[in-house]
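start_2.pdb follows (PDB, C-alpha atoms):
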```pdb
ATOM      1  CA  MET W 208       0.000   0.000   0.000
ATOM      2  CA  LYS W 209       1.548   3.236  -1.156
ATOM      3  CA  THR W 210       0.617   6.509   0.489
ATOM      4  CA  LYS W 211       1.708   9.995  -0.512
ATOM      5  CA  LEU W 212       1.469  12.414   2.388
ATOM      6  CA  LEU W 213       0.860  15.912   1.098
ATOM      7  CA  SER W 214       0.482  17.936   4.257
ATOM      8  CA  CYS W 215      -0.305  17.531   7.942
ATOM      9  CA  LEU W 216      -1.954  19.915  10.351
ATOM     10  CA  LEU W 217      -1.820  19.723  14.127
ATOM     11  CA  ALA W 218      -5.097  20.314  15.928
ATOM     12  CA  ALA W 219      -5.758  19.617  19.597
ATOM     13  CA  ALA W 220      -2.416  17.836  19.778
ATOM     14  CA  THR W 221      -3.578  15.362  17.130
ATOM     15  CA  ALA W 222      -2.039  15.125  13.647
ATOM     16  CA  LEU W 223      -4.760  15.710  11.082
ATOM     17  CA  CYS W 224      -3.457  14.993   7.611
ATOM     18  CA  LEU W 225      -4.425  16.345   4.225
ATOM     19  CA  THR W 226      -3.771  13.452   1.902
ATOM     20  CA  ALA W 227      -3.927  12.589  -1.749
ATOM     21  CA  GLU W 228      -2.957   8.970  -1.822
ATOM     22  CA  ASN W 229      -3.203   5.478  -3.214
ATOM     23  CA  ALA W 230      -4.497   3.345  -0.333
ATOM     24  CA  SER W 231      -7.569   1.371   0.727
ATOM     25  CA  ALA W 232     -10.659   3.439  -0.006
ATOM     26  CA  GLY W 233     -12.832   5.006   2.664
ATOM     27  CA  LEU W 234     -16.553   5.358   2.117
ATOM     28  CA  ILE W 235     -18.248   8.385   0.599
ATOM     29  CA  VAL W 236     -21.052   8.874   3.124
ATOM     30  CA  THR W 237     -22.618  12.083   1.747
ATOM     31  CA  MET W 238     -22.489  12.757  -1.978
ATOM     32  CA  ILE W 239     -22.056  16.448  -2.702
ATOM     33  CA  ASP W 240     -21.546  16.039  -6.452
ATOM     34  CA  ASP W 241     -20.590  13.155  -8.720
ATOM     35  CA  PHE W 242     -21.229  15.206 -11.898
ATOM     36  CA  VAL W 243     -23.503  12.592 -13.467
ATOM     37  CA  SER W 244     -26.316  15.115 -13.906
ATOM     38  CA  GLY W 245     -26.703  18.833 -14.498
ATOM     39  CA  PRO W 246     -24.862  19.591 -17.770
ATOM     40  CA  GLN W 247     -23.135  22.985 -17.950
ATOM     41  CA  SER W 248     -20.889  24.810 -20.396
ATOM     42  CA  LEU W 249     -19.136  28.137 -19.833
ATOM     43  CA  ASN W 250     -16.878  29.581 -22.526
ATOM     44  CA  LEU W 251     -14.512  32.538 -22.152
ATOM     45  CA  SER W 252     -12.271  31.630 -25.066
ATOM     46  CA  GLY W 253     -10.684  34.696 -26.586
ATOM     47  CA  THR W 254     -11.609  36.982 -23.717
ATOM     48  CA  THR W 255     -11.586  37.570 -19.958
ATOM     49  CA  GLY W 256     -14.357  37.977 -17.404
ATOM     50  CA  THR W 257     -16.625  35.921 -15.152
ATOM     51  CA  LEU W 258     -19.495  33.633 -16.105
ATOM     52  CA  THR W 259     -21.957  31.863 -13.801
ATOM     53  CA  ASP W 260     -24.495  29.133 -14.379
ATOM     54  CA  ALA W 261     -26.916  27.134 -12.246
ATOM     55  CA  ALA W 262     -27.764  23.540 -13.153
ATOM     56  CA  SER W 263     -30.414  21.358 -11.570
ATOM     57  CA  GLY W 264     -29.942  17.649 -10.973
ATOM     58  CA  ASN W 265     -30.978  14.669  -8.914
ATOM     59  CA  PRO W 266     -30.453  15.552  -5.216
ATOM     60  CA  ALA W 267     -28.829  12.134  -4.849
ATOM     61  CA  ASP W 268     -26.134  13.344  -7.242
ATOM     62  CA  ILE W 269     -25.998  17.084  -6.455
ATOM     63  CA  LEU W 270     -26.353  18.228  -2.848
ATOM     64  CA  GLY W 271     -29.442  20.416  -2.599
ATOM     65  CA  GLY W 272     -30.436  19.604  -6.181
ATOM     66  CA  GLU W 273     -28.506  22.480  -7.786
ATOM     67  CA  ARG W 274     -24.891  23.226  -8.726
ATOM     68  CA  ASN W 275     -23.752  26.815  -9.176
ATOM     69  CA  LEU W 276     -20.701  27.028 -11.409
ATOM     70  CA  THR W 277     -18.589  30.192 -11.538
ATOM     71  CA  PHE W 278     -15.797  30.476 -14.102
ATOM     72  CA  ASN W 279     -13.395  33.399 -13.962
ATOM     73  CA  VAL W 280     -10.619  34.233 -16.417
ATOM     74  CA  GLY W 281      -8.368  37.125 -15.420
ATOM     75  CA  VAL W 282      -5.595  36.800 -18.003
ATOM     76  CA  ASN W 283      -5.955  35.742 -21.650
ATOM     77  CA  ARG W 284      -3.188  37.586 -23.487
ATOM     78  CA  PHE W 285      -3.538  35.888 -26.849
ATOM     79  CA  GLY W 286      -7.268  35.153 -26.890
ATOM     80  CA  LEU W 287      -6.905  31.390 -26.419
ATOM     81  CA  SER W 288      -9.272  28.680 -25.174
ATOM     82  CA  ALA W 289     -10.896  28.959 -21.760
ATOM     83  CA  THR W 290     -13.807  26.653 -20.965
ATOM     84  CA  ALA W 291     -15.447  25.020 -17.955
ATOM     85  CA  SER W 292     -17.973  22.270 -18.512
ATOM     86  CA  VAL W 293     -19.903  19.388 -17.038
ATOM     87  CA  ASN W 294     -21.028  16.940 -19.712
ATOM     88  CA  PRO W 295     -22.579  13.817 -18.162
ATOM     89  CA  ALA W 296     -23.179  12.323 -21.604
ATOM     90  CA  VAL W 297     -19.420  12.243 -22.257
ATOM     91  CA  ASN W 298     -17.600  12.156 -18.928
ATOM     92  CA  ASP W 299     -18.966  12.326 -15.408
ATOM     93  CA  SER W 300     -16.704  15.172 -14.296
ATOM     94  CA  LEU W 301     -16.126  18.889 -14.192
ATOM     95  CA  ASN W 302     -13.522  19.722 -16.831
ATOM     96  CA  VAL W 303     -11.665  23.016 -17.126
ATOM     97  CA  ASP W 304      -9.472  23.822 -20.117
ATOM     98  CA  LEU W 305      -7.189  26.854 -19.910
ATOM     99  CA  GLY W 306      -5.032  27.511 -22.945
ATOM    100  CA  PRO W 307      -1.374  28.565 -22.751
ATOM    101  CA  PHE W 308      -0.929  31.929 -21.000
ATOM    102  CA  VAL W 309      -4.530  31.798 -19.731
ATOM    103  CA  ASN W 310      -5.113  32.229 -15.980
ATOM    104  CA  GLY W 311      -8.389  31.729 -14.166
ATOM    105  CA  ASP W 312     -10.222  29.974 -11.362
ATOM    106  CA  THR W 313     -13.400  27.935 -11.000
ATOM    107  CA  THR W 314     -15.856  27.613  -8.112
ATOM    108  CA  VAL W 315     -18.664  25.133  -7.521
ATOM    109  CA  THR W 316     -21.243  26.114  -4.904
ATOM    110  CA  TYR W 317     -24.035  24.059  -3.340
ATOM    111  CA  ASP W 318     -26.650  26.146  -1.521
ATOM    112  CA  GLY W 319     -29.998  24.712  -2.571
ATOM    113  CA  THR W 320     -32.377  25.579  -5.369
ATOM    114  CA  GLY W 321     -32.226  29.267  -6.196
ATOM    115  CA  SER W 322     -29.613  29.781  -3.474
ATOM    116  CA  SER W 323     -32.308  29.142  -0.870
ATOM    117  CA  GLY W 324     -29.838  27.320   1.358
ATOM    118  CA  LEU W 325     -29.332  23.665   2.193
ATOM    119  CA  GLY W 326     -31.508  23.956   5.304
ATOM    120  CA  GLY W 327     -29.129  22.370   7.782
ATOM    121  CA  ILE W 328     -27.640  19.411   5.903
ATOM    122  CA  ASP W 329     -25.620  17.175   8.220
ATOM    123  CA  LEU W 330     -22.172  16.585   6.706
ATOM    124  CA  THR W 331     -21.223  14.405   9.684
ATOM    125  CA  SER W 332     -23.973  11.857   9.053
ATOM    126  CA  GLY W 333     -22.706   8.350   8.424
ATOM    127  CA  GLY W 334     -19.525   9.160  10.318
ATOM    128  CA  GLY W 335     -18.398  11.907   7.937
ATOM    129  CA  ILE W 336     -15.203  13.548   9.190
ATOM    130  CA  ALA W 337     -13.751  15.160   6.057
ATOM    131  CA  LEU W 338     -14.432  16.446   2.577
ATOM    132  CA  ALA W 339     -13.165  14.219  -0.222
ATOM    133  CA  ILE W 340     -12.351  15.540  -3.695
ATOM    134  CA  ASP W 341     -11.303  13.269  -6.569
ATOM    135  CA  PHE W 342      -9.366  15.295  -9.132
ATOM    136  CA  ILE W 343      -6.546  15.557 -11.662
ATOM    137  CA  ALA W 344      -4.480  18.599 -12.673
ATOM    138  CA  THR W 345      -1.682  19.200 -15.164
ATOM    139  CA  ASN W 346       0.004  21.842 -12.979
ATOM    140  CA  PRO W 347       0.037  22.996  -9.338
ATOM    141  CA  ILE W 348      -3.395  24.054  -8.116
ATOM    142  CA  THR W 349      -4.843  25.569  -4.950
ATOM    143  CA  VAL W 350      -8.068  24.074  -3.625
ATOM    144  CA  THR W 351     -10.123  26.087  -1.123
ATOM    145  CA  ALA W 352     -13.173  24.574   0.549
ATOM    146  CA  GLU W 353     -15.735  26.630   2.459
ATOM    147  CA  VAL W 354     -18.555  25.397   4.695
ATOM    148  CA  VAL W 355     -21.188  27.785   6.050
ATOM    149  CA  ASP W 356     -23.609  26.660   8.761
ATOM    150  CA  THR W 357     -27.176  27.856   9.334
ATOM    151  CA  ALA W 358     -25.923  30.423  11.865
ATOM    152  CA  SER W 359     -23.683  31.953   9.149
ATOM    153  CA  ASN W 360     -20.465  30.676  10.738
ATOM    154  CA  VAL W 361     -17.844  30.108   8.022
ATOM    155  CA  ALA W 362     -15.130  27.424   8.057
ATOM    156  CA  THR W 363     -12.457  27.377   5.359
ATOM    157  CA  LEU W 364      -9.467  25.277   4.415
ATOM    158  CA  THR W 365      -6.956  25.944   1.628
ATOM    159  CA  PHE W 366      -4.600  23.334   0.246
ATOM    160  CA  LEU W 367      -1.879  23.706  -2.388
ATOM    161  CA  GLN W 368      -1.348  20.669  -4.591
ATOM    162  CA  ALA W 369       2.234  21.499  -5.556
ATOM    163  CA  THR W 370       2.823  18.800  -8.185
ATOM    164  CA  PRO W 371       0.831  17.694 -11.248
ATOM    165  CA  ILE W 372      -1.638  14.825 -10.843
ATOM    166  CA  ILE W 373      -2.225  12.960 -14.107
ATOM    167  CA  THR W 374      -3.914   9.931 -12.531
ATOM    168  CA  PRO W 375      -6.963  10.525 -10.316
ATOM    169  CA  GLU W 376      -6.229  11.029  -6.633
ATOM    170  CA  ARG W 377      -8.370  11.946  -3.663
ATOM    171  CA  LEU W 378      -7.758  15.053  -1.625
ATOM    172  CA  VAL W 379      -9.022  14.600   1.943
ATOM    173  CA  LEU W 380      -9.771  17.748   3.944
ATOM    174  CA  PRO W 381     -10.560  16.951   7.620
ATOM    175  CA  PHE W 382     -13.330  19.063   9.127
ATOM    176  CA  ALA W 383     -11.227  19.549  12.272
ATOM    177  CA  ALA W 384      -8.480  21.188  10.196
ATOM    178  CA  PHE W 385     -10.744  23.947   8.841
ATOM    179  CA  ALA W 386     -10.194  27.470  10.117
ATOM    180  CA  ASN W 387     -13.058  28.332  12.502
ATOM    181  CA  ALA W 388     -14.035  24.657  12.732
ATOM    182  CA  ALA W 389     -14.802  24.922  16.445
ATOM    183  CA  GLN W 390     -17.382  27.652  15.811
ATOM    184  CA  THR W 391     -18.931  26.035  12.725
ATOM    185  CA  ASP W 392     -21.589  23.321  13.018
ATOM    186  CA  PHE W 393     -20.863  20.759  10.301
ATOM    187  CA  SER W 394     -24.122  19.011  11.213
ATOM    188  CA  GLN W 395     -26.186  22.103  10.313
ATOM    189  CA  VAL W 396     -24.832  23.244   6.959
ATOM    190  CA  ASP W 397     -26.393  25.848   4.695
ATOM    191  CA  ARG W 398     -23.742  26.145   1.945
ATOM    192  CA  VAL W 399     -20.690  24.302   0.624
ATOM    193  CA  SER W 400     -18.318  25.663  -1.993
ATOM    194  CA  VAL W 401     -14.995  24.593  -3.472
ATOM    195  CA  ASN W 402     -12.687  26.859  -5.456
ATOM    196  CA  PHE W 403      -9.983  25.557  -7.808
ATOM    197  CA  ALA W 404      -7.258  28.089  -8.628
ATOM    198  CA  PRO W 405      -4.420  26.902 -10.892
ATOM    199  CA  GLN W 406      -1.045  28.352  -9.955
ATOM    200  CA  ASN W 407       0.269  28.449 -13.530
ATOM    201  CA  SER W 408      -1.262  29.510 -16.809
ATOM    202  CA  GLY W 409      -2.486  26.817 -19.171
ATOM    203  CA  ASN W 410      -3.524  24.442 -16.382
ATOM    204  CA  ASP W 411      -6.213  21.928 -17.309
ATOM    205  CA  PHE W 412      -7.932  20.027 -14.510
ATOM    206  CA  GLY W 413     -10.827  17.684 -13.901
ATOM    207  CA  VAL W 414     -12.956  16.930 -10.846
ATOM    208  CA  GLY W 415     -14.769  13.602 -10.645
ATOM    209  CA  LEU W 416     -16.358  13.695  -7.219
ATOM    210  CA  ILE W 417     -16.943  15.891  -4.177
ATOM    211  CA  GLY W 418     -18.351  14.316  -1.043
ATOM    212  CA  THR W 419     -17.760  13.536   2.594
ATOM    213  CA  THR W 420     -15.813  10.519   3.793
ATOM    214  CA  ASN W 421     -15.580   8.562   7.030
ATOM    215  CA  SER W 422     -11.847   7.984   6.600
ATOM    216  CA  LEU W 423      -8.723  10.119   6.386
ATOM    217  CA  SER W 424      -7.143   7.395   4.245
ATOM    218  CA  SER W 425      -8.791   7.120   0.866
ATOM    219  CA  THR W 426      -8.490   6.790  -2.909
ATOM    220  CA  PRO W 427     -10.776   7.673  -5.814
ATOM    221  CA  GLU W 428     -13.832   5.494  -6.213
ATOM    222  CA  PRO W 429     -13.185   2.304  -8.229
ATOM    223  CA  GLY W 430     -15.835   3.404 -10.727
ATOM    224  CA  THR W 431     -14.036   6.456 -12.121
ATOM    225  CA  PRO W 432     -12.875   5.237 -15.555
ATOM    226  CA  LEU W 433     -14.135   8.414 -17.234
ATOM    227  CA  LEU W 434     -11.978  10.522 -14.944
ATOM    228  CA  VAL W 435      -9.049   8.255 -15.844
ATOM    229  CA  LEU W 436      -9.845   8.864 -19.517
ATOM    230  CA  ALA W 437      -9.980  12.590 -18.824
ATOM    231  CA  ALA W 438      -6.591  12.325 -17.110
ATOM    232  CA  ILE W 439      -5.090  10.688 -20.177
ATOM    233  CA  THR W 440      -6.615  13.382 -22.395
ATOM    234  CA  LEU W 441      -5.286  16.150 -20.168
ATOM    235  CA  ALA W 442      -1.814  14.635 -20.136
ATOM    236  CA  ILE W 443      -1.709  14.292 -23.924
ATOM    237  CA  THR W 444      -3.067  17.822 -24.451
ATOM    238  CA  HIS W 445      -0.667  19.337 -21.956
ATOM    239  CA  ARG W 446       2.271  17.445 -23.441
ATOM    240  CA  SER W 447       1.395  18.589 -26.965
ATOM    241  CA  ARG W 448       1.212  22.180 -25.781
ATOM    242  CA  ARG W 449       4.615  21.925 -24.176
ATOM    243  CA  VAL W 450       6.123  20.483 -27.355
ATOM    244  CA  HIS W 451       4.401  23.127 -29.452
ATOM    245  CA  HIS W 452       5.952  25.946 -27.450
ATOM    246  CA  ILE W 453       9.499  24.595 -27.311
ATOM    247  CA  GLY W 454      11.847  26.936 -29.163
TER     248      GLY W 454
END
```

For this file, produce the structure as structure tokens.
Amino acid sequence: MKTKLLSCLLAAATALCLTAENASAGLIVTMIDDFVSGPQSLNLSGTTGTLTDAASGNPADILGGERNLTFNVGVNRFGLSATASVNPAVNDSLNVDLGPFVNGDTTVTYDGTGSSGLGGIDLTSGGGIALAIDFIATNPITVTAEVVDTASNVATLTFLQATPIITPERLVLPFAAFANAAQTDFSQVDRVSVNFAPQNSGNDFGVGLIGTTNSLSSTPEPGTPLLVLAAITLAITHRSRRVHHIG
């Protein structure tokens, strides 16, 4: 069993680890999004700016029955490709394509239909102790998770994935490691959001699953072949870009 330790936090004299690893899988006990419903497509190719879109889906697949997708491009010097999409008919994942010299970030938010709130969803049900995010990225990327309870207390945790991930891995973010965790009730949640901010231009990435897990030791779900396919596609695309710009 091979484990890659990415970062550890100390909380209450206990080591709480942020991990992206290859080990025996923990259970996903609350599905926040498996991207099998709610198609979306945002396109900022050739320009900069911010686009938002709300997509409805089965509450069993999308927490609260609606996914709000925000796609922001701040730099696009040569007017190249910049897209964010969820296409369940092709691959059950969120896919973001940023062309060379394009910088941007993407946020998915879950706060109920019409932003009415989740009404006190319990993220600790089933023994949930952490957020789990299955993803791939061609370059370093910062992932920031935010949980807001029904009393408007906000807990956040930011993690820098400093190396490329071209095969799916699971990022585990323990609730106890979140800033303001002691004041935030993870059993009475009104909103969950996750922001993905590539550190370099031209960073493609894919997200196959967001949920809660009952284990701090986990791997992507066995049934993620489409995310594997996306990883292969990202690797080939990224490699071709690198070759294209040599010299």

Closest of W:Val243, W:Val355, W:Ile336, W:Leu330 to Ala383 in chain W - atom-to-atom distances counting all atoms listed in the file: W:Ile336

Top pick for closest residue to Ala337 in chain W, considering W:Leu367, W:Val303, W:Ile235, W:Val282 and counting only C-alpha atoms: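 The shortest atom-to-atom distance to Ala337 in chain W comes from W:Ile235.
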
Hits of the PyMOL selection byres ((chain W and resi 338-346) around 7) in this structure, as a ChimeraX atom specification: /W:337,347-348,370-381,407,410-420,427,438,441-442,445

Picked residues, the PyMOL selection byres ((chain W and resi 422) around 8), expected as number ranges by chain: W: 233-234, 335-337, 420-421, 423-425

Explicit residues for the PyMOL selection byres ((chain W and resi 318) around 12) (as an MDAnalysis selection string): chainID W and resid 239 261:263 266 269:276 315:317 319:328 353:357 396:401

For the selection you just gave me, I'd like the residues written to a file as a compact mmCIF listing (two decimals), keeping the file's coordinate frame, keeping C-alpha atoms.
```txt
# COMPACT_ATOMS: atom_id res chain seq x y z
CA ILE W 239 -22.06 16.45 -2.70
CA ALA W 261 -26.92 27.13 -12.25
CA ALA W 262 -27.76 23.54 -13.15
CA SER W 263 -30.41 21.36 -11.57
CA PRO W 266 -30.45 15.55 -5.22
CA ILE W 269 -26.00 17.08 -6.46
CA LEU W 270 -26.35 18.23 -2.85
CA GLY W 271 -29.44 20.42 -2.60
CA GLY W 272 -30.44 19.60 -6.18
CA GLU W 273 -28.51 22.48 -7.79
CA ARG W 274 -24.89 23.23 -8.73
CA ASN W 275 -23.75 26.82 -9.18
CA LEU W 276 -20.70 27.03 -11.41
CA VAL W 315 -18.66 25.13 -7.52
CA THR W 316 -21.24 26.11 -4.90
CA TYR W 317 -24.04 24.06 -3.34
CA GLY W 319 -30.00 24.71 -2.57
CA THR W 320 -32.38 25.58 -5.37
CA GLY W 321 -32.23 29.27 -6.20
CA SER W 322 -29.61 29.78 -3.47
CA SER W 323 -32.31 29.14 -0.87
CA GLY W 324 -29.84 27.32 1.36
CA LEU W 325 -29.33 23.66 2.19
CA GLY W 326 -31.51 23.96 5.30
CA GLY W 327 -29.13 22.37 7.78
CA ILE W 328 -27.64 19.41 5.90
CA GLU W 353 -15.74 26.63 2.46
CA VAL W 354 -18.56 25.40 4.70
CA VAL W 355 -21.19 27.78 6.05
CA ASP W 356 -23.61 26.66 8.76
CA THR W 357 -27.18 27.86 9.33
CA VAL W 396 -24.83 23.24 6.96
CA ASP W 397 -26.39 25.85 4.70
CA ARG W 398 -23.74 26.14 1.94
CA VAL W 399 -20.69 24.30 0.62
CA SER W 400 -18.32 25.66 -1.99
CA VAL W 401 -15.00 24.59 -3.47
```

Pick from W:Phe366, W:Phe242, W:Phe308, W:Phe403, whichever lies nearest to Phe278 in chain W using all atoms listed in the file: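 Among the listed residues, the smallest separation from Phe278 in chain W belongs to W:Phe403.
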
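For the choices W:Val309, W:Asp329, W:Thr365, W:Asn360, the atom-to-atom distance to Ala389 in chain W is smallest for W:Asn360 when using only C-alpha atoms.
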
Polymer residues at most 6 Å from (-5.8, 27.6, -19.6) by all atoms listed in the file, as JSON, numbers by chain: {"W": [289, 304, 305, 306, 307, 309, 310, 408, 409, 410]}

Leaving out range 294-297 of chain W and any residue of its chain fewer than 4 positions from it, which residues lie within 9 Å of it when counting only C-alpha atoms, given as a PDB file with C-alpha atoms, keeping the file's coordinate frame?
```
ATOM      1  CA  PHE W 242     -21.229  15.206 -11.898  1.00  0.00           C
ATOM      2  CA  VAL W 243     -23.503  12.592 -13.467  1.00  0.00           C
ATOM      3  CA  SER W 244     -26.316  15.115 -13.906  1.00  0.00           C
ATOM      4  CA  GLY W 245     -26.703  18.833 -14.498  1.00  0.00           C
ATOM      5  CA  PRO W 246     -24.862  19.591 -17.770  1.00  0.00           C
ATOM      6  CA  GLN W 247     -23.135  22.985 -17.950  1.00  0.00           C
ATOM      7  CA  SER W 248     -20.889  24.810 -20.396  1.00  0.00           C
ATOM      8  CA  LEU W 301     -16.126  18.889 -14.192  1.00  0.00           C
ATOM      9  CA  ASN W 302     -13.522  19.722 -16.831  1.00  0.00           C
ATOM     10  CA  LEU W 433     -14.135   8.414 -17.234  1.00  0.00           C
TER      11      LEU W 433
END
```

Separation of CA of Thr277 in chain W from CA of Thr349 in chain W in Å: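 That distance, rounded to one decimal, is 15.9 Å.
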
Minimum-distance residue to Gln395 in chain W, chosen among W:Ala358, W:Ala291, W:Leu258, W:Leu364 (using only C-alpha atoms):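 Once distances to Gln395 in chain W are computed over only C-alpha atoms, the minimum belongs to W:Ala358.
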
Would you fill out range 390-404 of chain W with N, CA, C and O atoms and return it as a compact mmCIF listing (two decimals), keeping the file's coordinate frame?
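After the write, result39.txt holds the following:
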```txt
# COMPACT_ATOMS: atom_id res chain seq x y z
N GLN W 390 -16.19 26.80 15.77
CA GLN W 390 -17.38 27.65 15.81
C GLN W 390 -18.41 27.29 14.75
O GLN W 390 -19.52 27.83 14.73
N THR W 391 -18.05 26.40 13.84
CA THR W 391 -18.93 26.04 12.72
C THR W 391 -19.55 24.67 12.96
O THR W 391 -18.86 23.71 13.30
N ASP W 392 -20.87 24.57 12.79
CA ASP W 392 -21.59 23.32 13.02
C ASP W 392 -21.70 22.56 11.69
O ASP W 392 -22.54 22.89 10.84
N PHE W 393 -20.86 21.55 11.53
CA PHE W 393 -20.86 20.76 10.30
C PHE W 393 -22.08 19.84 10.20
O PHE W 393 -22.29 19.21 9.17
N SER W 394 -22.89 19.80 11.25
CA SER W 394 -24.12 19.01 11.21
C SER W 394 -25.34 19.87 10.86
O SER W 394 -26.45 19.35 10.75
N GLN W 395 -25.11 21.17 10.69
CA GLN W 395 -26.19 22.10 10.31
C GLN W 395 -25.65 23.05 9.23
O GLN W 395 -25.39 24.22 9.47
N VAL W 396 -25.52 22.52 8.03
CA VAL W 396 -24.83 23.24 6.96
C VAL W 396 -25.82 23.87 5.98
O VAL W 396 -26.80 23.23 5.56
N ASP W 397 -25.54 25.11 5.62
CA ASP W 397 -26.39 25.85 4.70
C ASP W 397 -25.76 26.01 3.31
O ASP W 397 -26.47 26.17 2.32
N ARG W 398 -24.41 25.98 3.24
CA ARG W 398 -23.74 26.14 1.94
C ARG W 398 -22.38 25.48 1.96
O ARG W 398 -21.66 25.52 2.97
N VAL W 399 -22.02 24.88 0.83
CA VAL W 399 -20.69 24.30 0.62
C VAL W 399 -20.17 24.83 -0.70
O VAL W 399 -20.90 24.84 -1.70
N SER W 400 -18.92 25.26 -0.73
CA SER W 400 -18.32 25.66 -1.99
C SER W 400 -16.87 25.21 -2.05
O SER W 400 -16.21 25.07 -1.01
N VAL W 401 -16.39 24.98 -3.26
CA VAL W 401 -15.00 24.59 -3.47
C VAL W 401 -14.47 25.41 -4.65
O VAL W 401 -15.08 25.44 -5.72
N ASN W 402 -13.34 26.06 -4.42
CA ASN W 402 -12.69 26.86 -5.46
C ASN W 402 -11.40 26.18 -5.90
O ASN W 402 -10.62 25.70 -5.08
N PHE W 403 -11.19 26.13 -7.22
CA PHE W 403 -9.98 25.56 -7.81
C PHE W 403 -9.24 26.67 -8.54
O PHE W 403 -9.76 27.24 -9.50
N ALA W 404 -8.03 26.98 -8.07
CA ALA W 404 -7.26 28.09 -8.63
C ALA W 404 -5.89 27.59 -9.08
O ALA W 404 -4.97 27.44 -8.27
```
